[in-house]
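What follows is a short report on a single structure.
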Amino acid sequence: MKRLFLIILSMVLSGASVADNTAREIMEKVDARDDGDSMISTMQMTLIDKKGKQRNRQMRTYSKDINANTEHKTIFFLSPSDVKNTAFLTYDYSDDDKDDDQWMYLPALKKTKRIPASDKDSAFMGSDFSYADMTDKELDDYAFKLIKETVVKRKTGNEKVWVIESTPVSQSVIDETGYVKSTLYIRQDNHMLTRAKFYLKKASRIKYMDVLSMKEIDGIWVAMQTKMTTKQGRSTLHKTILSNSDVQINVAIEPDMFTIRSIEKGL
(Lines give C-alpha, C1' and ligand atoms only; values in the text may rest on other atoms or scores of the structure.)
Protein backbone atom coordinates (compact mmCIF):
# COMPACT_ATOMS: atom_id res chain seq x y z
CA MET A 1 0.00 0.00 0.00
CA LYS A 2 2.85 2.38 0.87
CA ARG A 3 4.51 1.62 -2.48
CA LEU A 4 1.23 2.32 -4.31
CA PHE A 5 0.89 5.65 -2.49
CA LEU A 6 4.41 6.67 -3.50
CA ILE A 7 3.75 5.75 -7.13
CA ILE A 8 0.55 7.83 -7.18
CA LEU A 9 2.31 10.73 -5.48
CA SER A 10 5.12 10.56 -8.01
CA MET A 11 2.62 10.60 -10.87
CA VAL A 12 0.81 13.62 -9.42
CA LEU A 13 4.02 15.57 -8.91
CA SER A 14 5.27 14.61 -12.36
CA GLY A 15 1.99 15.77 -13.90
CA ALA A 16 2.22 19.14 -12.13
CA SER A 17 5.77 19.59 -13.38
CA VAL A 18 4.76 18.80 -16.96
CA ALA A 19 1.87 21.28 -16.76
CA ASP A 20 4.18 24.01 -15.44
CA ASN A 21 6.74 23.31 -18.17
CA THR A 22 4.01 23.40 -20.80
CA ALA A 23 2.77 26.75 -19.49
CA ARG A 24 6.27 28.18 -19.66
CA GLU A 25 6.75 26.81 -23.17
CA ILE A 26 3.48 28.42 -24.28
CA MET A 27 4.50 31.77 -22.82
CA GLU A 28 7.89 31.53 -24.53
CA LYS A 29 6.05 31.17 -27.85
CA VAL A 30 3.89 34.17 -26.95
CA ASP A 31 7.02 36.17 -26.19
CA ALA A 32 8.75 35.02 -29.41
CA ARG A 33 5.73 35.74 -31.63
CA ASP A 34 6.60 37.94 -34.63
CA ASP A 35 5.18 41.42 -34.05
CA GLY A 36 7.20 43.19 -36.73
CA ASP A 37 10.36 45.26 -36.49
CA SER A 38 8.43 48.53 -36.40
CA MET A 39 4.86 49.81 -36.29
CA ILE A 40 2.98 53.09 -36.73
CA SER A 41 -0.70 53.47 -35.93
CA THR A 42 -3.44 55.91 -35.05
CA MET A 43 -5.09 55.06 -31.76
CA GLN A 44 -8.26 56.23 -30.09
CA MET A 45 -8.58 55.97 -26.32
CA THR A 46 -12.15 55.98 -25.02
CA LEU A 47 -12.55 56.55 -21.28
CA ILE A 48 -15.88 55.47 -19.77
CA ASP A 49 -16.76 56.30 -16.16
CA LYS A 50 -19.14 54.34 -13.92
CA LYS A 51 -22.08 56.44 -15.11
CA GLY A 52 -21.34 55.68 -18.76
CA LYS A 53 -19.98 59.13 -19.62
CA GLN A 54 -17.34 58.94 -22.36
CA ARG A 55 -14.25 60.95 -23.21
CA ASN A 56 -12.19 60.34 -26.36
CA ARG A 57 -8.50 60.90 -26.95
CA GLN A 58 -6.67 60.60 -30.25
CA MET A 59 -3.04 59.43 -30.42
CA ARG A 60 -0.34 58.59 -32.90
CA THR A 61 1.94 55.72 -31.88
CA TYR A 62 5.39 54.64 -33.06
CA SER A 63 7.43 51.59 -32.06
CA LYS A 64 10.70 50.13 -33.29
CA ASP A 65 13.00 47.25 -32.37
CA ILE A 66 16.41 48.79 -31.78
CA ASN A 67 18.11 45.43 -31.27
CA ALA A 68 17.23 41.94 -30.02
CA ASN A 69 16.84 43.21 -26.44
CA THR A 70 15.47 46.73 -26.82
CA GLU A 71 12.27 48.26 -28.18
CA HIS A 72 11.49 51.99 -28.27
CA LYS A 73 7.93 53.37 -28.25
CA THR A 74 6.56 56.90 -28.58
CA ILE A 75 2.96 58.07 -28.18
CA PHE A 76 1.84 61.57 -29.18
CA PHE A 77 -1.56 62.82 -28.00
CA LEU A 78 -3.30 64.74 -30.80
CA SER A 79 -6.65 65.66 -29.22
CA PRO A 80 -8.63 66.93 -27.37
CA SER A 81 -7.08 70.27 -26.47
CA ASP A 82 -6.52 69.45 -22.78
CA VAL A 83 -4.08 66.65 -23.64
CA LYS A 84 -2.83 67.81 -27.05
CA ASN A 85 0.98 67.70 -27.37
CA THR A 86 1.34 65.45 -24.33
CA ALA A 87 3.80 62.71 -25.29
CA PHE A 88 5.07 59.46 -23.81
CA LEU A 89 8.40 57.70 -24.45
CA THR A 90 9.39 54.18 -23.42
CA TYR A 91 12.64 52.24 -23.70
CA ASP A 92 11.54 48.63 -23.22
CA TYR A 93 14.44 46.31 -22.30
CA SER A 94 14.24 42.52 -22.29
CA ASP A 95 17.36 42.34 -20.11
CA ASP A 96 16.33 41.24 -16.61
CA ASP A 97 19.08 43.34 -15.05
CA LYS A 98 17.89 46.57 -16.65
CA ASP A 99 14.69 48.42 -15.72
CA ASP A 100 12.55 49.91 -18.48
CA ASP A 101 12.82 53.70 -18.91
CA GLN A 102 9.71 55.87 -19.31
CA TRP A 103 9.20 59.61 -19.72
CA MET A 104 6.09 61.79 -20.03
CA TYR A 105 6.18 65.28 -21.58
CA LEU A 106 3.64 67.65 -20.03
CA PRO A 107 3.11 70.66 -22.33
CA ALA A 108 1.28 72.77 -19.72
CA LEU A 109 4.41 72.66 -17.57
CA LYS A 110 6.80 72.49 -20.52
CA LYS A 111 8.50 69.74 -18.62
CA THR A 112 9.48 66.12 -19.20
CA LYS A 113 8.86 63.86 -16.21
CA ARG A 114 10.65 60.56 -15.74
CA ILE A 115 8.33 57.80 -14.50
CA PRO A 116 9.99 56.08 -11.51
CA ALA A 117 9.52 52.35 -10.91
CA SER A 118 7.43 53.15 -7.82
CA ASP A 119 4.82 54.89 -10.03
CA LYS A 120 4.54 52.30 -12.81
CA ASP A 121 1.43 50.75 -11.25
CA SER A 122 -0.33 54.12 -11.60
CA ALA A 123 -2.99 54.84 -14.25
CA PHE A 124 -1.69 55.89 -17.66
CA MET A 125 -3.38 59.18 -18.62
CA GLY A 126 -6.45 58.45 -16.49
CA SER A 127 -7.08 55.11 -18.19
CA ASP A 128 -7.48 51.58 -16.83
CA PHE A 129 -4.06 50.74 -18.26
CA SER A 130 -1.04 51.36 -16.04
CA TYR A 131 2.42 52.54 -17.00
CA ALA A 132 3.57 48.95 -16.39
CA ASP A 133 1.00 47.76 -18.95
CA MET A 134 2.77 49.84 -21.58
CA THR A 135 5.83 47.57 -21.53
CA ASP A 136 6.43 43.87 -22.16
CA LYS A 137 6.73 41.53 -19.19
CA GLU A 138 9.87 39.52 -18.45
CA LEU A 139 9.08 35.79 -18.37
CA ASP A 140 11.60 35.13 -15.61
CA ASP A 141 9.65 37.49 -13.32
CA TYR A 142 6.72 35.04 -13.24
CA ALA A 143 5.81 31.45 -12.49
CA PHE A 144 3.30 29.99 -14.97
CA LYS A 145 0.76 27.23 -14.50
CA LEU A 146 -1.48 25.72 -17.16
CA ILE A 147 -5.00 25.67 -15.70
CA LYS A 148 -7.02 24.26 -18.58
CA GLU A 149 -7.91 24.47 -22.25
CA THR A 150 -11.22 26.06 -23.19
CA VAL A 151 -13.02 28.14 -25.81
CA VAL A 152 -13.65 31.90 -25.84
CA LYS A 153 -16.91 32.48 -27.69
CA ARG A 154 -17.09 35.55 -29.92
CA LYS A 155 -19.40 36.78 -32.66
CA THR A 156 -16.58 36.32 -35.16
CA GLY A 157 -16.13 32.69 -34.11
CA ASN A 158 -14.85 30.58 -31.25
CA GLU A 159 -11.25 30.89 -30.10
CA LYS A 160 -9.52 27.82 -28.65
CA VAL A 161 -7.31 28.99 -25.81
CA TRP A 162 -4.96 27.90 -23.07
CA VAL A 163 -5.77 29.37 -19.65
CA ILE A 164 -2.55 30.12 -17.79
CA GLU A 165 -2.08 31.44 -14.26
CA SER A 166 0.79 33.91 -13.96
CA THR A 167 2.23 34.65 -10.50
CA PRO A 168 5.04 37.15 -9.76
CA VAL A 169 8.11 35.52 -8.26
CA SER A 170 9.00 38.50 -6.04
CA GLN A 171 7.43 41.34 -4.10
CA SER A 172 9.32 43.88 -6.22
CA VAL A 173 7.48 42.68 -9.35
CA ILE A 174 4.16 42.99 -7.50
CA ASP A 175 5.04 46.49 -6.32
CA GLU A 176 6.04 47.64 -9.82
CA THR A 177 3.12 46.16 -11.75
CA GLY A 178 0.46 46.36 -9.05
CA TYR A 179 -0.68 42.79 -9.83
CA VAL A 180 -0.53 39.92 -7.33
CA LYS A 181 -1.72 37.37 -9.90
CA SER A 182 -3.02 37.19 -13.48
CA THR A 183 -5.08 34.73 -15.47
CA LEU A 184 -4.12 34.75 -19.16
CA TYR A 185 -6.11 33.39 -22.10
CA ILE A 186 -3.76 32.55 -24.99
CA ARG A 187 -5.13 31.73 -28.44
CA GLN A 188 -3.85 28.39 -29.66
CA ASP A 189 -3.79 29.33 -33.35
CA ASN A 190 -1.56 32.43 -33.14
CA HIS A 191 -0.26 32.66 -29.53
CA MET A 192 -1.97 36.03 -29.00
CA LEU A 193 -3.24 37.12 -25.59
CA THR A 194 -6.98 37.46 -26.18
CA ARG A 195 -8.30 37.89 -22.62
CA ALA A 196 -6.88 38.40 -19.14
CA LYS A 197 -7.87 38.87 -15.53
CA PHE A 198 -5.52 40.93 -13.34
CA TYR A 199 -5.77 40.85 -9.55
CA LEU A 200 -4.64 44.18 -8.08
CA LYS A 201 -2.85 44.52 -4.76
CA LYS A 202 -4.82 47.68 -3.99
CA ALA A 203 -8.40 47.75 -2.69
CA SER A 204 -9.20 44.17 -3.79
CA ARG A 205 -9.86 45.35 -7.32
CA ILE A 206 -9.74 43.24 -10.49
CA LYS A 207 -9.07 44.38 -14.05
CA TYR A 208 -10.55 42.47 -16.97
CA MET A 209 -8.86 42.81 -20.35
CA ASP A 210 -10.55 41.66 -23.53
CA VAL A 211 -9.19 41.91 -27.08
CA LEU A 212 -12.46 42.58 -28.90
CA SER A 213 -10.90 42.29 -32.34
CA MET A 214 -7.56 41.40 -33.87
CA LYS A 215 -6.39 41.41 -37.46
CA GLU A 216 -3.57 39.87 -39.45
CA ILE A 217 -1.71 42.62 -41.30
CA ASP A 218 1.19 41.68 -43.58
CA GLY A 219 1.50 38.39 -41.73
CA ILE A 220 1.54 40.06 -38.28
CA TRP A 221 -1.34 39.70 -35.83
CA VAL A 222 -2.39 43.06 -34.34
CA ALA A 223 -4.89 43.79 -31.56
CA MET A 224 -7.28 46.26 -33.21
CA GLN A 225 -9.59 46.92 -30.26
CA THR A 226 -8.89 46.19 -26.61
CA LYS A 227 -11.08 46.87 -23.58
CA MET A 228 -9.87 47.09 -19.99
CA THR A 229 -12.48 47.16 -17.22
CA THR A 230 -11.77 47.86 -13.54
CA LYS A 231 -14.16 46.30 -11.04
CA GLN A 232 -14.51 46.16 -7.28
CA GLY A 233 -16.76 43.27 -6.38
CA ARG A 234 -19.66 43.43 -8.81
CA SER A 235 -19.36 47.18 -9.33
CA THR A 236 -17.75 48.51 -12.52
CA LEU A 237 -15.57 51.49 -11.63
CA HIS A 238 -14.21 52.47 -15.04
CA LYS A 239 -13.55 51.22 -18.57
CA THR A 240 -11.03 52.04 -21.28
CA ILE A 241 -11.22 51.02 -24.92
CA LEU A 242 -8.15 51.30 -27.17
CA SER A 243 -8.86 51.18 -30.92
CA ASN A 244 -6.14 50.91 -33.57
CA SER A 245 -6.41 52.16 -37.16
CA ASP A 246 -4.10 53.09 -40.05
CA VAL A 247 -1.66 50.40 -38.92
CA GLN A 248 1.65 50.26 -40.81
CA ILE A 249 4.13 47.46 -40.09
CA ASN A 250 7.84 47.18 -40.88
CA VAL A 251 8.12 50.76 -42.07
CA ALA A 252 11.18 52.98 -41.76
CA ILE A 253 11.21 55.15 -38.61
CA GLU A 254 14.11 57.47 -37.86
CA PRO A 255 15.86 56.78 -34.51
CA ASP A 256 15.43 60.40 -33.40
CA MET A 257 11.68 59.77 -33.17
CA PHE A 258 12.45 58.04 -29.86
CA THR A 259 14.21 60.79 -27.92
CA ILE A 260 13.22 63.22 -25.17
CA ARG A 261 13.84 66.05 -27.64
CA SER A 262 11.35 64.45 -30.02
CA ILE A 263 8.51 64.19 -27.49
CA GLU A 264 9.15 67.79 -26.37
CA LYS A 265 9.08 68.99 -29.98
CA GLY A 266 5.95 67.03 -30.90
CA LEU A 267 4.63 66.06 -34.32
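We label chains A, B, ... in the order they appear in the C-alpha coordinates, count residues from 1 in each chain, and number ligands from 1 in the order shown.
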Note to self: For region 97-112 of chain A, find every residue with an atom within 8 Å (counting only C-alpha atoms), except residues of its own chain fewer than 2 positions away, and show them as a PyMOL selection string.
What the structure shows: chain A and resi 85-95+114-116+135+260+263-264
What would the file look like if the residues just selected were written as a CSV table (one decimal), in the first residue's frame with N, CA, C and O atoms?
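Contents of the output file result-v8.csv:
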```
chain,number,residue,atom,x,y,z
A,85,ASN,N,-0.5,67.5,-27.5
A,85,ASN,CA,1.0,67.7,-27.4
A,85,ASN,C,1.6,67.0,-26.2
A,85,ASN,O,2.8,67.0,-26.0
A,86,THR,N,0.8,66.3,-25.3
A,86,THR,CA,1.3,65.4,-24.3
A,86,THR,C,2.0,64.3,-25.1
A,86,THR,O,1.5,63.8,-26.1
A,87,ALA,N,3.1,63.8,-24.6
A,87,ALA,CA,3.8,62.7,-25.3
A,87,ALA,C,4.4,61.8,-24.3
A,87,ALA,O,4.8,62.2,-23.2
A,88,PHE,N,4.6,60.5,-24.7
A,88,PHE,CA,5.1,59.5,-23.8
A,88,PHE,C,6.1,58.7,-24.5
A,88,PHE,O,6.0,58.3,-25.7
A,89,LEU,N,7.3,58.4,-23.9
A,89,LEU,CA,8.4,57.7,-24.5
A,89,LEU,C,8.8,56.5,-23.6
A,89,LEU,O,8.9,56.7,-22.3
A,90,THR,N,9.0,55.4,-24.2
A,90,THR,CA,9.4,54.2,-23.4
A,90,THR,C,10.6,53.5,-24.1
A,90,THR,O,10.6,53.3,-25.3
A,91,TYR,N,11.6,53.1,-23.3
A,91,TYR,CA,12.6,52.2,-23.7
A,91,TYR,C,12.4,50.9,-23.0
A,91,TYR,O,12.6,50.8,-21.8
A,92,ASP,N,12.0,49.9,-23.8
A,92,ASP,CA,11.5,48.6,-23.2
A,92,ASP,C,12.7,47.6,-23.4
A,92,ASP,O,13.0,47.3,-24.5
A,93,TYR,N,13.3,47.2,-22.3
A,93,TYR,CA,14.4,46.3,-22.3
A,93,TYR,C,14.0,44.9,-21.9
A,93,TYR,O,13.3,44.7,-21.0
A,94,SER,N,14.5,43.9,-22.6
A,94,SER,CA,14.2,42.5,-22.3
A,94,SER,C,15.3,41.9,-21.4
A,94,SER,O,15.3,40.8,-21.0
A,95,ASP,N,16.3,42.8,-21.0
A,95,ASP,CA,17.4,42.3,-20.1
A,95,ASP,C,16.8,42.4,-18.7
A,95,ASP,O,16.4,43.5,-18.2
A,114,ARG,N,10.3,62.0,-15.7
A,114,ARG,CA,10.6,60.6,-15.7
A,114,ARG,C,9.7,59.8,-14.8
A,114,ARG,O,9.4,60.2,-13.7
A,115,ILE,N,9.2,58.6,-15.3
A,115,ILE,CA,8.3,57.8,-14.5
A,115,ILE,C,9.2,56.8,-13.7
A,115,ILE,O,9.8,55.9,-14.2
A,116,PRO,N,9.2,57.0,-12.3
A,116,PRO,CA,10.0,56.1,-11.5
A,116,PRO,C,9.3,54.7,-11.4
A,116,PRO,O,8.1,54.6,-11.6
A,135,THR,N,4.6,48.3,-21.2
A,135,THR,CA,5.8,47.6,-21.5
A,135,THR,C,5.6,46.1,-21.5
A,135,THR,O,4.7,45.6,-20.9
A,260,ILE,N,13.9,62.2,-26.0
A,260,ILE,CA,13.2,63.2,-25.2
A,260,ILE,C,13.0,64.5,-26.0
A,260,ILE,O,12.0,65.1,-25.9
A,263,ILE,N,9.8,64.1,-28.1
A,263,ILE,CA,8.5,64.2,-27.5
A,263,ILE,C,8.3,65.6,-27.0
A,263,ILE,O,7.1,66.1,-27.0
A,264,GLU,N,9.3,66.4,-26.8
A,264,GLU,CA,9.2,67.8,-26.4
A,264,GLU,C,8.8,68.6,-27.6
A,264,GLU,O,8.1,69.6,-27.5
```
Next item on the list: Could you tell me, as number ranges by chain, which residues of region 48-222 of chain A DSSP assigns to strand (DSSP E) when given the backbone?
Entry: A: 48-49, 54-67, 70-79, 87-93, 101-106, 111-114, 142-152, 159-168, 179-187, 193-200, 206-217, 220-222
Check: Suppose you want the space between CA of Met192 (chain A) and CA of Trp221 (chain A); what is it in Å?
Finding: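 Atom-to-atom, CA of Met192 (chain A) and CA of Trp221 (chain A) are spaced 7.8 Å apart.
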Next item on the list: For CA of Gly233 (chain A) and CA of Tyr199 (chain A), determine how far apart the two atoms are, in Å to one decimal place.
Entry: 11.7 Å
From a DSSP pass on the backbone, collect the residues of region 25-75 of chain A flagged as alpha helix (DSSP H) and hand them back as a PDB file with all heavy atoms, in the first residue's frame.
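Result file follows (result-v8.pdb):
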```
ATOM      1  N   GLU A  25       6.489  26.957 -21.738  1.00  0.00           N
ATOM      2  CA  GLU A  25       6.754  26.814 -23.172  1.00  0.00           C
ATOM      3  C   GLU A  25       5.756  27.626 -24.001  1.00  0.00           C
ATOM      4  O   GLU A  25       6.125  28.255 -25.000  1.00  0.00           O
ATOM      5  CB  GLU A  25       6.699  25.343 -23.564  1.00  0.00           C
ATOM      6  CG  GLU A  25       7.872  24.525 -23.028  1.00  0.00           C
ATOM      7  CD  GLU A  25       7.657  23.028 -23.142  1.00  0.00           C
ATOM      8  OE1 GLU A  25       6.597  22.631 -23.683  1.00  0.00           O
ATOM      9  OE2 GLU A  25       8.532  22.262 -22.702  1.00  0.00           O
ATOM     10  N   ILE A  26       4.499  27.626 -23.576  1.00  0.00           N
ATOM     11  CA  ILE A  26       3.479  28.416 -24.279  1.00  0.00           C
ATOM     12  C   ILE A  26       3.817  29.896 -24.190  1.00  0.00           C
ATOM     13  O   ILE A  26       3.775  30.625 -25.194  1.00  0.00           O
ATOM     14  CB  ILE A  26       2.085  28.141 -23.696  1.00  0.00           C
ATOM     15  CG1 ILE A  26       1.648  26.710 -24.004  1.00  0.00           C
ATOM     16  CG2 ILE A  26       1.066  29.146 -24.249  1.00  0.00           C
ATOM     17  CD1 ILE A  26       0.404  26.283 -23.267  1.00  0.00           C
ATOM     18  N   MET A  27       4.194  30.354 -23.002  1.00  0.00           N
ATOM     19  CA  MET A  27       4.501  31.773 -22.817  1.00  0.00           C
ATOM     20  C   MET A  27       5.773  32.172 -23.562  1.00  0.00           C
ATOM     21  O   MET A  27       5.890  33.314 -24.009  1.00  0.00           O
ATOM     22  CB  MET A  27       4.628  32.085 -21.326  1.00  0.00           C
ATOM     23  CG  MET A  27       3.325  31.937 -20.549  1.00  0.00           C
ATOM     24  SD  MET A  27       1.932  32.849 -21.285  1.00  0.00           S
ATOM     25  CE  MET A  27       2.550  34.544 -21.225  1.00  0.00           C
ATOM     26  N   GLU A  28       6.697  31.241 -23.719  1.00  0.00           N
ATOM     27  CA  GLU A  28       7.889  31.531 -24.530  1.00  0.00           C
ATOM     28  C   GLU A  28       7.511  31.747 -25.988  1.00  0.00           C
ATOM     29  O   GLU A  28       8.095  32.604 -26.672  1.00  0.00           O
ATOM     30  CB  GLU A  28       8.906  30.398 -24.387  1.00  0.00           C
ATOM     31  CG  GLU A  28       9.612  30.380 -23.044  1.00  0.00           C
ATOM     32  CD  GLU A  28      10.526  29.181 -22.871  1.00  0.00           C
ATOM     33  OE1 GLU A  28      10.481  28.274 -23.743  1.00  0.00           O
ATOM     34  OE2 GLU A  28      11.278  29.145 -21.880  1.00  0.00           O
ATOM     35  N   LYS A  29       6.522  30.988 -26.470  1.00  0.00           N
ATOM     36  CA  LYS A  29       6.054  31.171 -27.847  1.00  0.00           C
ATOM     37  C   LYS A  29       5.294  32.483 -27.996  1.00  0.00           C
ATOM     38  O   LYS A  29       5.375  33.143 -29.035  1.00  0.00           O
ATOM     39  CB  LYS A  29       5.180  29.988 -28.256  1.00  0.00           C
ATOM     40  CG  LYS A  29       5.960  28.690 -28.421  1.00  0.00           C
ATOM     41  CD  LYS A  29       5.061  27.536 -28.825  1.00  0.00           C
ATOM     42  CE  LYS A  29       5.873  26.253 -28.989  1.00  0.00           C
ATOM     43  NZ  LYS A  29       5.018  25.092 -29.350  1.00  0.00           N
ATOM     44  N   VAL A  30       4.563  32.869 -26.946  1.00  0.00           N
ATOM     45  CA  VAL A  30       3.887  34.171 -26.953  1.00  0.00           C
ATOM     46  C   VAL A  30       4.928  35.285 -27.043  1.00  0.00           C
ATOM     47  O   VAL A  30       4.791  36.232 -27.823  1.00  0.00           O
ATOM     48  CB  VAL A  30       3.027  34.343 -25.682  1.00  0.00           C
ATOM     49  CG1 VAL A  30       2.480  35.764 -25.584  1.00  0.00           C
ATOM     50  CG2 VAL A  30       1.883  33.339 -25.668  1.00  0.00           C
ATOM     51  N   ASP A  31       5.973  35.159 -26.232  1.00  0.00           N
ATOM     52  CA  ASP A  31       7.022  36.168 -26.189  1.00  0.00           C
ATOM     53  C   ASP A  31       7.798  36.242 -27.509  1.00  0.00           C
ATOM     54  O   ASP A  31       8.225  37.317 -27.933  1.00  0.00           O
ATOM     55  CB  ASP A  31       7.982  35.846 -25.032  1.00  0.00           C
ATOM     56  CG  ASP A  31       8.995  36.937 -24.791  1.00  0.00           C
ATOM     57  OD1 ASP A  31       8.589  38.076 -24.532  1.00  0.00           O
ATOM     58  OD2 ASP A  31      10.210  36.654 -24.872  1.00  0.00           O
ATOM     59  N   ALA A  32       7.968  35.086 -28.171  1.00  0.00           N
ATOM     60  CA  ALA A  32       8.749  35.024 -29.410  1.00  0.00           C
ATOM     61  C   ALA A  32       7.914  35.316 -30.660  1.00  0.00           C
ATOM     62  O   ALA A  32       8.454  35.369 -31.772  1.00  0.00           O
ATOM     63  CB  ALA A  32       9.393  33.654 -29.548  1.00  0.00           C
TER      64      ALA A  32
END
```
Margin query: Just checking: using only C-alpha atoms, which residue out of A:Arg24, A:Leu242, A:Leu184, A:Ser38 ends up closest to Asn67 (chain A)?
Written below: A:Ser38
Checklist line | Of the listed residues A:Ile206, A:Leu212, A:Ile66, A:Ile174, that which approaches Ser235 (chain A) most closely, counting only C-alpha atoms | finding: A:Ile206
Margin query: Please list as a list in words every residue within 12 Å of Gln232 (chain A), counting only C-alpha atoms and excluding residues in the same chain fewer than 2 positions away.
Written below: Lys50, Tyr199, Leu200, Lys202, Ala203, Ser204, Arg205, Ile206, Lys207, Tyr208, Thr229, Thr230, Arg234, Ser235, Thr236, Leu237 and His238 of chain A
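Interatomic distance, CA of Met209 (chain A) against CA of Ala196 (chain A): 5.0 Å.
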Note to self: Calculated over only C-alpha atoms, which of the candidates A:Leu78, A:Ile164, A:Ala23, A:Met45 has the smallest distance to Met224 (chain A)?
What the structure shows: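 Among A:Leu78, A:Ile164, A:Ala23, A:Met45, it is A:Met45 that comes nearest to Met224 (chain A).
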Check: Using only C-alpha atoms, which residues sit within 8 Å of Ile147 (chain A) once same-chain residues fewer than 6 positions away are excluded, as an NGL selection string?
Finding: :A and (162-165)
Next item on the list: Check the smallest atom-to-atom distance from each of A:Ser130, A:Thr259, A:Ser118, A:Gln225 to Ser243 (chain A) using only C-alpha atoms, then report the winner.
Entry: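 Smallest distance to Ser243 (chain A) is found for A:Gln225.
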Notebook entry, point to check: Taking into account only C-alpha atoms, which residue in the set A:Thr194, A:Ser41, A:Gln171, A:Asn69 is nearest to Glu138 (chain A)?
Noted result: A:Asn69
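Minimum atom-to-atom distances from A:Ser262, A:Ser127, A:Thr183, A:Thr156 to Phe76 (chain A) were compared using only C-alpha atoms, and the lowest value belongs to A:Ser262.
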Check: Can you tell me, as number ranges by chain, what residues are no more than 9 Å from Ile40 (chain A) when counting only C-alpha atoms, ignoring any on the same chain fewer than 5 positions away?
Finding: A: 60-64, 246-251, 253
For the residues selected in the previous step, produce a file with N, CA and C atoms as a PDB file, in the first residue's frame.
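Once written, selection.pdb looks like this:
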```pdb
ATOM      1  N   ARG A  60      -1.138  59.176 -31.830  1.00  0.00           N
ATOM      2  CA  ARG A  60      -0.335  58.590 -32.899  1.00  0.00           C
ATOM      3  C   ARG A  60       0.796  57.836 -32.220  1.00  0.00           C
ATOM      4  N   THR A  61       0.967  56.561 -32.569  1.00  0.00           N
ATOM      5  CA  THR A  61       1.942  55.724 -31.877  1.00  0.00           C
ATOM      6  C   THR A  61       3.030  55.238 -32.834  1.00  0.00           C
ATOM      7  N   TYR A  62       4.236  55.129 -32.306  1.00  0.00           N
ATOM      8  CA  TYR A  62       5.386  54.643 -33.064  1.00  0.00           C
ATOM      9  C   TYR A  62       6.147  53.645 -32.189  1.00  0.00           C
ATOM     10  N   SER A  63       6.590  52.546 -32.781  1.00  0.00           N
ATOM     11  CA  SER A  63       7.431  51.593 -32.059  1.00  0.00           C
ATOM     12  C   SER A  63       8.457  51.004 -33.013  1.00  0.00           C
ATOM     13  N   LYS A  64       9.611  50.650 -32.446  1.00  0.00           N
ATOM     14  CA  LYS A  64      10.699  50.132 -33.291  1.00  0.00           C
ATOM     15  C   LYS A  64      11.627  49.255 -32.450  1.00  0.00           C
ATOM     16  N   ASP A 246      -5.224  52.624 -39.225  1.00  0.00           N
ATOM     17  CA  ASP A 246      -4.100  53.094 -40.055  1.00  0.00           C
ATOM     18  C   ASP A 246      -2.779  52.432 -39.631  1.00  0.00           C
ATOM     19  N   VAL A 247      -2.838  51.132 -39.401  1.00  0.00           N
ATOM     20  CA  VAL A 247      -1.663  50.404 -38.919  1.00  0.00           C
ATOM     21  C   VAL A 247      -0.685  50.155 -40.064  1.00  0.00           C
ATOM     22  N   GLN A 248       0.577  50.521 -39.852  1.00  0.00           N
ATOM     23  CA  GLN A 248       1.654  50.255 -40.805  1.00  0.00           C
ATOM     24  C   GLN A 248       2.737  49.448 -40.096  1.00  0.00           C
ATOM     25  N   ILE A 249       3.157  48.362 -40.717  1.00  0.00           N
ATOM     26  CA  ILE A 249       4.127  47.461 -40.090  1.00  0.00           C
ATOM     27  C   ILE A 249       5.398  47.382 -40.927  1.00  0.00           C
ATOM     28  N   ASN A 250       6.530  47.286 -40.236  1.00  0.00           N
ATOM     29  CA  ASN A 250       7.844  47.176 -40.876  1.00  0.00           C
ATOM     30  C   ASN A 250       8.125  48.344 -41.818  1.00  0.00           C
ATOM     31  N   VAL A 251       7.836  49.542 -41.312  1.00  0.00           N
ATOM     32  CA  VAL A 251       8.117  50.762 -42.072  1.00  0.00           C
ATOM     33  C   VAL A 251       9.329  51.451 -41.452  1.00  0.00           C
ATOM     34  N   ILE A 253      11.409  54.099 -39.610  1.00  0.00           N
ATOM     35  CA  ILE A 253      11.207  55.153 -38.610  1.00  0.00           C
ATOM     36  C   ILE A 253      12.580  55.622 -38.159  1.00  0.00           C
TER      37      ILE A 253
END
```
